[in-house]
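So the structure is just underneath, and the comments pick up after that.
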Amino acid sequence: MEIALQNITKDYGSVRANDHVTMRVVPGSIHGLLGENGAGKSTLMKILSGYTPKTDGEIRIDRGIVEYESPAHAAGLGIGMLYQDPLDFPLLSVLENFKLGQSSSDMTALRIRLTDLCRRFGFTLDPDAPLASLTIGERQQLEILRLLEKGIRTLILDEPTTGISGTQKAALFSALKQLADEGRSVILVSHKLEDVEALCDRVTVLRGGKGAGEMDSPFDPDQLMTLMFGTRPKPPPRSAEAPGGPVLNFTSIHARGGRTGLKSCSVLIRENEVVGLAGLEGSGQGVFLRTAAGLIPPLSGEIHLKGQPMKRQNHHGFKRKGVNFLPSGRLEEGLIPGLTLAEHSALQNGGGFWVRWPGAIADAARRITNFRIKGEPNLSVESLSGGNQQRLLLSFLSENPTLLLLENPTRGLDVESANWVWEHLHRFCAKGAAIVFASSELDEILAQADRVMVFFNGAVIKDVRTQETDLRELGLAIAGRA
Amino acid sequence: MTEIDLTILFAGVVAGAAPIVMAALGETLTEKAGLINLSLDGSILLSAMAGFAAAYTTGSLVFGFMAGAMAGAMVAAVVGIFSIHLNRSQVAVGFVLTLMARDLAYFLGNPYARLHGPQVPSLPIPLLKEIPFFGPVFFNQSLPVYFSLLLIGFCWWYIYRTPAGLRLRAVGEHPKAAYARGIDPRRTQMLYTLAGGLLVGLAGATFSLSVKPGWGRPQGAEGTGWIALALVIFGGWDPIRAAAGAYLFAFLQVMGIYLQGWFPSVPAQVFQVAPFPLMIFTLLFMNLAQKERVVIWSEGRPWFRSMLKWLWGKAPTALGKPYAPE
């Protein structure tokens, strides 16, 4: 099926998310939709999938103009979408998720269909498992199969490679290629150049809600970056301080939590050091960070901070010693949705009998300028974009931290914002802080860390300096072969 | 000391629990769709009054039950319209309605207080009632009791085995995802709010026409609405376990009567009130399954572990959160 979007415009109140965007998708092709955060990619695709109504413009399918009100209607026309926040049902079983929305109600037949589809694409999904026990990657696989069963001929994927492992990414990409070979169209929404380069035949770039340009494969990365950002941002310089005295010392720590817990972990982290934690999601990195932050009490073993034992201390005790933890769930664990930037400032400064609003607003305004946040003191934090939320969180780190613990500090950020974040973090490092960060992007670890620790099944199986290793070696270690 | 006749005791429990079962199952249906109807306690009284008044005036029990069901559905409709379509707080609307429906019931029911009205006759089932023990307990009862027994199995089958039940759970889990798959979350929520209200209404009518026949102030059904609400949580949003909780509560109430006879020196109020804190205690026990330390402790004890697993229940993810379409 051929899809043409013509002059699509979408207004959210006074904000124009899409401004006369035009795009054409050829049958049997994989079409990339590239752009930085907030460029309007998701909005455009939600319009195509029928989830969001458009303000103006035309959608043509096989040259005929179509109008639709709901995703079910779009699916009937053969368009299906994998949303960025998965729209599935964690408490229901795999088979029940597969069934919901299908016209057939014959469970036995659907079970056979699901098994067949799994075999065709090389996925392994247990129909009776609860969905909550699946990884994000497996949930994606199920969604793709469900949409195929529904008879869709155009599949839209919104940032599908965020939060899935390298193996799952390979499985996903080969499935997408298979779909294109069968004559279906795939639209891949991404802010990652590598995804687009690996997969797409043609790419449309959005910038600030407008179409910035189109390009055919093979792509020139420099040209794509120019289309995305105007001018290409440079990676930030690294601090070159030699490691100083010990900051964090783990002696055979065992801890519970996550999928794997943390097993017999002994680590020494020094001042000025940037340590990257690699590994499949949930291999113990999260538990490591939370144990180091005093959020998870270890079952056995000892923690020393700057040489002092931290037995029976909680998170606040660790905080007083200069430990700062930035979790990956910005709105879940970091910021308080519903409160404004100024209210966050007021909370941070605390104390006294009443809130000094002029001071809080001035403080928020100062953060907005210093950290180049796009927002207002009286705006609630959930209305900020992901990158700006991260900047706000960074602004709340203490002035002179001894240890910074970061979980996926640049997840969901475009290259420019990520660079800005790292530039800022390296400044702490130059002042003698140690940084430990978990990331699912090996490129980021290799570019930003002095040292990398690879987690596998709850244990550190590799601990090397980044100059002495490479992508291939780390990839093997992540898969358990160190 | 009076001897306990187990047959009579359990027959009393099954009969006494019938309206609680209906109310708890009705609320389970509503909450499975993601909506909390907090008005249960007032709703039960209002429908008890409506049921009695209608049956008394027309002389027909069928009309009585219909009036009760209608009253329950109407209160539920108010909760539904306010919270689903007008985006008002479910808790606030439900709470105010509880108080309003109760006072309305007392006010409108005044002319019917302490009158002798129609009462549901018992309807033993031939042959089945001859089975020792089970016969008198389950098959020598009245129609509402049979209905409550069948309803347990039906609700379970409906929720977990039919496509409609799957859609119901989907809406309670993730309304936006349900919408993306062609289900109308608002219509589904409204439908099950009404269905739940209908069952709550039948529960009320069962009180005034069978379990505690007649109307008065107090009627005797006061407080059961709150218990039914707790039972839904107690049952982990599962109809069979919610019903099991209803029987446990009825058992505790009946036992209270016996205990009062055995220990006349203890104030009667102790035994009347005892079931309530005992229910809270049971709830506490059930939540043990969510405690990490208890789970760790249970790992070496398979019997305890399987019991915890059975007790464990999770609320529908979208419960109480309003659904706002894009």
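By convention here, the chains of the structure tokens are called A, B, ... in the order presented, each chain's residues are numbered starting at 1, and ligands are numbered starting at 1 in the order presented.
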Compile a residue-level contact table for chain B against chain A at a cut-off of 9 Å, reporting for every qualifying residue the shortest atom pair and its distance in Å to one decimal, with only C-alpha atoms counted, rows ordered by chain and ascending number, as CSV.
```
residue,atom,partner,partner_atom,distance
B:Thr162,CA,A:Ser105,CA,8.6
B:Pro163,CA,A:Ser105,CA,6.5
B:Leu166,CA,A:Leu100,CA,7.4
B:Arg167,CA,A:Leu100,CA,7.0
B:Arg169,CA,A:Leu92,CA,8.2
B:Ala170,CA,A:Phe89,CA,6.6
B:Glu173,CA,A:Phe89,CA,6.1
B:His174,CA,A:Phe89,CA,6.3
B:Lys176,CA,A:Leu87,CA,6.9
B:Ala177,CA,A:Leu87,CA,4.4
B:Ala178,CA,A:Leu87,CA,7.9
B:Tyr179,CA,A:Pro71,CA,7.5
B:Ala180,CA,A:Pro71,CA,5.0
B:Arg181,CA,A:Gly101,CA,4.8
B:Gly182,CA,A:Ala72,CA,4.5
B:Ile183,CA,A:Gly101,CA,7.6
B:Lys314,CA,A:Leu91,CA,8.6
B:Pro316,CA,A:Leu91,CA,8.2
B:Thr317,CA,A:Leu91,CA,8.2
B:Glu326,CA,A:Thr52,CA,6.3
```
Export all heavy atoms of the chosen residues as a compact mmCIF listing (two decimals), in the first residue's frame?
```txt
# COMPACT_ATOMS: atom_id res chain seq x y z
N THR B 162 -14.80 -15.41 28.76
CA THR B 162 -15.51 -14.91 27.58
C THR B 162 -14.75 -13.73 26.96
O THR B 162 -14.00 -13.04 27.66
CB THR B 162 -16.92 -14.41 27.95
OG1 THR B 162 -16.78 -13.25 28.78
CG2 THR B 162 -17.72 -15.48 28.69
N PRO B 163 -14.93 -13.50 25.66
CA PRO B 163 -14.28 -12.34 25.01
C PRO B 163 -14.72 -11.03 25.67
O PRO B 163 -13.92 -10.11 25.83
CB PRO B 163 -14.77 -12.41 23.57
CG PRO B 163 -15.20 -13.82 23.37
CD PRO B 163 -15.67 -14.32 24.69
N LEU B 166 -12.74 -10.49 28.73
CA LEU B 166 -11.37 -10.08 28.40
C LEU B 166 -11.32 -8.58 28.11
O LEU B 166 -10.43 -7.87 28.56
CB LEU B 166 -10.87 -10.89 27.20
CG LEU B 166 -9.44 -10.63 26.74
CD1 LEU B 166 -8.46 -10.90 27.88
CD2 LEU B 166 -9.10 -11.51 25.54
N ARG B 167 -12.34 -8.11 27.36
CA ARG B 167 -12.39 -6.67 27.06
C ARG B 167 -12.58 -5.87 28.34
O ARG B 167 -12.00 -4.81 28.51
CB ARG B 167 -13.52 -6.39 26.07
CG ARG B 167 -13.20 -6.87 24.66
CD ARG B 167 -14.14 -6.21 23.65
NE ARG B 167 -15.50 -6.67 23.79
CZ ARG B 167 -15.97 -7.76 23.17
NH1 ARG B 167 -15.21 -8.45 22.37
NH2 ARG B 167 -17.23 -8.13 23.35
N ARG B 169 -11.53 -6.68 31.37
CA ARG B 169 -10.26 -6.61 32.09
C ARG B 169 -9.29 -5.67 31.38
O ARG B 169 -8.54 -4.94 32.02
CB ARG B 169 -9.64 -8.01 32.19
CG ARG B 169 -10.31 -8.87 33.25
CD ARG B 169 -9.61 -10.19 33.39
NE ARG B 169 -9.87 -11.07 32.26
CZ ARG B 169 -9.00 -11.96 31.78
NH1 ARG B 169 -7.80 -12.05 32.31
NH2 ARG B 169 -9.32 -12.73 30.78
N ALA B 170 -9.33 -5.68 30.05
CA ALA B 170 -8.43 -4.83 29.28
C ALA B 170 -8.68 -3.36 29.61
O ALA B 170 -7.74 -2.59 29.81
CB ALA B 170 -8.63 -5.07 27.78
N GLU B 173 -7.31 -2.48 32.95
CA GLU B 173 -5.85 -2.51 32.97
C GLU B 173 -5.24 -1.27 32.34
O GLU B 173 -4.35 -0.65 32.88
CB GLU B 173 -5.34 -3.72 32.19
CG GLU B 173 -5.26 -4.99 32.98
CD GLU B 173 -4.47 -4.81 34.24
OE1 GLU B 173 -3.34 -4.32 34.15
OE2 GLU B 173 -4.99 -5.14 35.31
N HIS B 174 -5.68 -0.95 31.15
CA HIS B 174 -5.03 0.09 30.35
C HIS B 174 -6.03 0.61 29.33
O HIS B 174 -6.06 0.17 28.19
CB HIS B 174 -3.82 -0.56 29.64
CG HIS B 174 -2.81 0.42 29.18
ND1 HIS B 174 -1.53 0.09 28.87
CD2 HIS B 174 -2.89 1.75 28.99
CE1 HIS B 174 -0.86 1.16 28.50
NE2 HIS B 174 -1.66 2.18 28.57
N LYS B 176 -6.26 3.24 27.55
CA LYS B 176 -5.75 3.81 26.30
C LYS B 176 -5.41 2.70 25.32
O LYS B 176 -5.64 2.83 24.12
CB LYS B 176 -4.52 4.67 26.58
CG LYS B 176 -4.89 6.02 27.12
CD LYS B 176 -3.72 6.96 27.15
CE LYS B 176 -4.21 8.33 27.57
NZ LYS B 176 -3.13 9.22 27.95
N ALA B 177 -4.80 1.62 25.84
CA ALA B 177 -4.45 0.50 24.97
C ALA B 177 -5.73 -0.16 24.46
O ALA B 177 -5.80 -0.58 23.30
CB ALA B 177 -3.60 -0.51 25.73
N ALA B 178 -6.74 -0.24 25.32
CA ALA B 178 -8.01 -0.83 24.90
C ALA B 178 -8.61 -0.01 23.77
O ALA B 178 -9.11 -0.55 22.78
CB ALA B 178 -8.97 -0.91 26.08
N TYR B 179 -8.51 1.31 23.91
CA TYR B 179 -9.04 2.19 22.87
C TYR B 179 -8.32 1.95 21.54
O TYR B 179 -8.93 1.88 20.48
CB TYR B 179 -8.90 3.65 23.31
CG TYR B 179 -9.19 4.64 22.22
CD1 TYR B 179 -10.49 4.79 21.75
CD2 TYR B 179 -8.18 5.42 21.65
CE1 TYR B 179 -10.77 5.69 20.75
CE2 TYR B 179 -8.46 6.31 20.64
CZ TYR B 179 -9.75 6.45 20.19
OH TYR B 179 -10.03 7.32 19.18
N ALA B 180 -6.98 1.79 21.63
CA ALA B 180 -6.20 1.56 20.42
C ALA B 180 -6.60 0.26 19.75
O ALA B 180 -6.33 0.04 18.57
CB ALA B 180 -4.71 1.55 20.73
N ARG B 181 -7.24 -0.63 20.49
CA ARG B 181 -7.64 -1.91 19.89
C ARG B 181 -9.12 -1.96 19.57
O ARG B 181 -9.70 -3.02 19.43
CB ARG B 181 -7.28 -3.05 20.83
CG ARG B 181 -5.80 -3.09 21.02
CD ARG B 181 -5.35 -4.28 21.77
NE ARG B 181 -3.93 -4.15 22.04
CZ ARG B 181 -3.17 -5.14 22.41
NH1 ARG B 181 -3.68 -6.33 22.53
NH2 ARG B 181 -1.90 -4.96 22.64
N GLY B 182 -9.75 -0.79 19.52
CA GLY B 182 -11.13 -0.74 19.04
C GLY B 182 -12.18 -0.93 20.11
O GLY B 182 -13.33 -1.20 19.80
N ILE B 183 -11.81 -0.82 21.39
CA ILE B 183 -12.80 -0.92 22.45
C ILE B 183 -13.11 0.50 22.93
O ILE B 183 -12.22 1.33 23.01
CB ILE B 183 -12.25 -1.76 23.62
CG1 ILE B 183 -11.85 -3.15 23.12
CG2 ILE B 183 -13.27 -1.88 24.75
CD1 ILE B 183 -10.98 -3.92 24.09
N LYS B 314 -3.84 -8.57 42.57
CA LYS B 314 -3.39 -7.23 42.20
C LYS B 314 -4.58 -6.44 41.67
O LYS B 314 -5.40 -6.98 40.93
CB LYS B 314 -2.32 -7.34 41.12
CG LYS B 314 -1.44 -6.10 41.07
CD LYS B 314 -0.25 -6.34 40.18
CE LYS B 314 0.55 -5.07 40.01
NZ LYS B 314 -0.24 -3.90 39.59
N PRO B 316 -6.73 -3.91 39.43
CA PRO B 316 -6.62 -3.49 38.03
C PRO B 316 -5.78 -2.22 37.96
O PRO B 316 -5.95 -1.31 38.78
CB PRO B 316 -8.08 -3.20 37.64
CG PRO B 316 -8.89 -4.03 38.57
CD PRO B 316 -8.11 -4.12 39.85
N THR B 317 -4.84 -2.19 37.02
CA THR B 317 -3.84 -1.11 37.01
C THR B 317 -4.47 0.28 36.93
O THR B 317 -3.99 1.22 37.54
CB THR B 317 -2.87 -1.32 35.83
OG1 THR B 317 -2.45 -2.68 35.86
CG2 THR B 317 -1.67 -0.42 35.94
N GLU B 326 -7.71 11.22 23.92
CA GLU B 326 -6.86 12.27 23.33
C GLU B 326 -7.71 13.31 22.61
O GLU B 326 -8.65 12.95 21.92
CB GLU B 326 -5.90 11.64 22.31
CG GLU B 326 -4.91 10.71 22.96
CD GLU B 326 -3.48 11.23 22.89
OE1 GLU B 326 -3.16 11.94 21.91
OE2 GLU B 326 -2.71 10.93 23.80
```
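For the pair CA of Ala50 (chain B) and CA of Gly109 (chain B), the interatomic distance is 7.8 Å.
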Test item: residues at most 9 Å from Leu168 (chain B), only C-alpha atoms, excluding those fewer than 5 positions along its chain, as a list in words
Leu29, Lys32, Ala33, Gly34, Ile159, Pro163, Glu173, Pro185, Thr188, Gln189 and Tyr192 of chain B
Give the answer as one residue: which of A:Arg330, A:Lys321, A:Arg367, A:Lys431 has the shortest atom-to-atom distance to Ser345 (chain A), using only C-alpha atoms?
A:Arg367
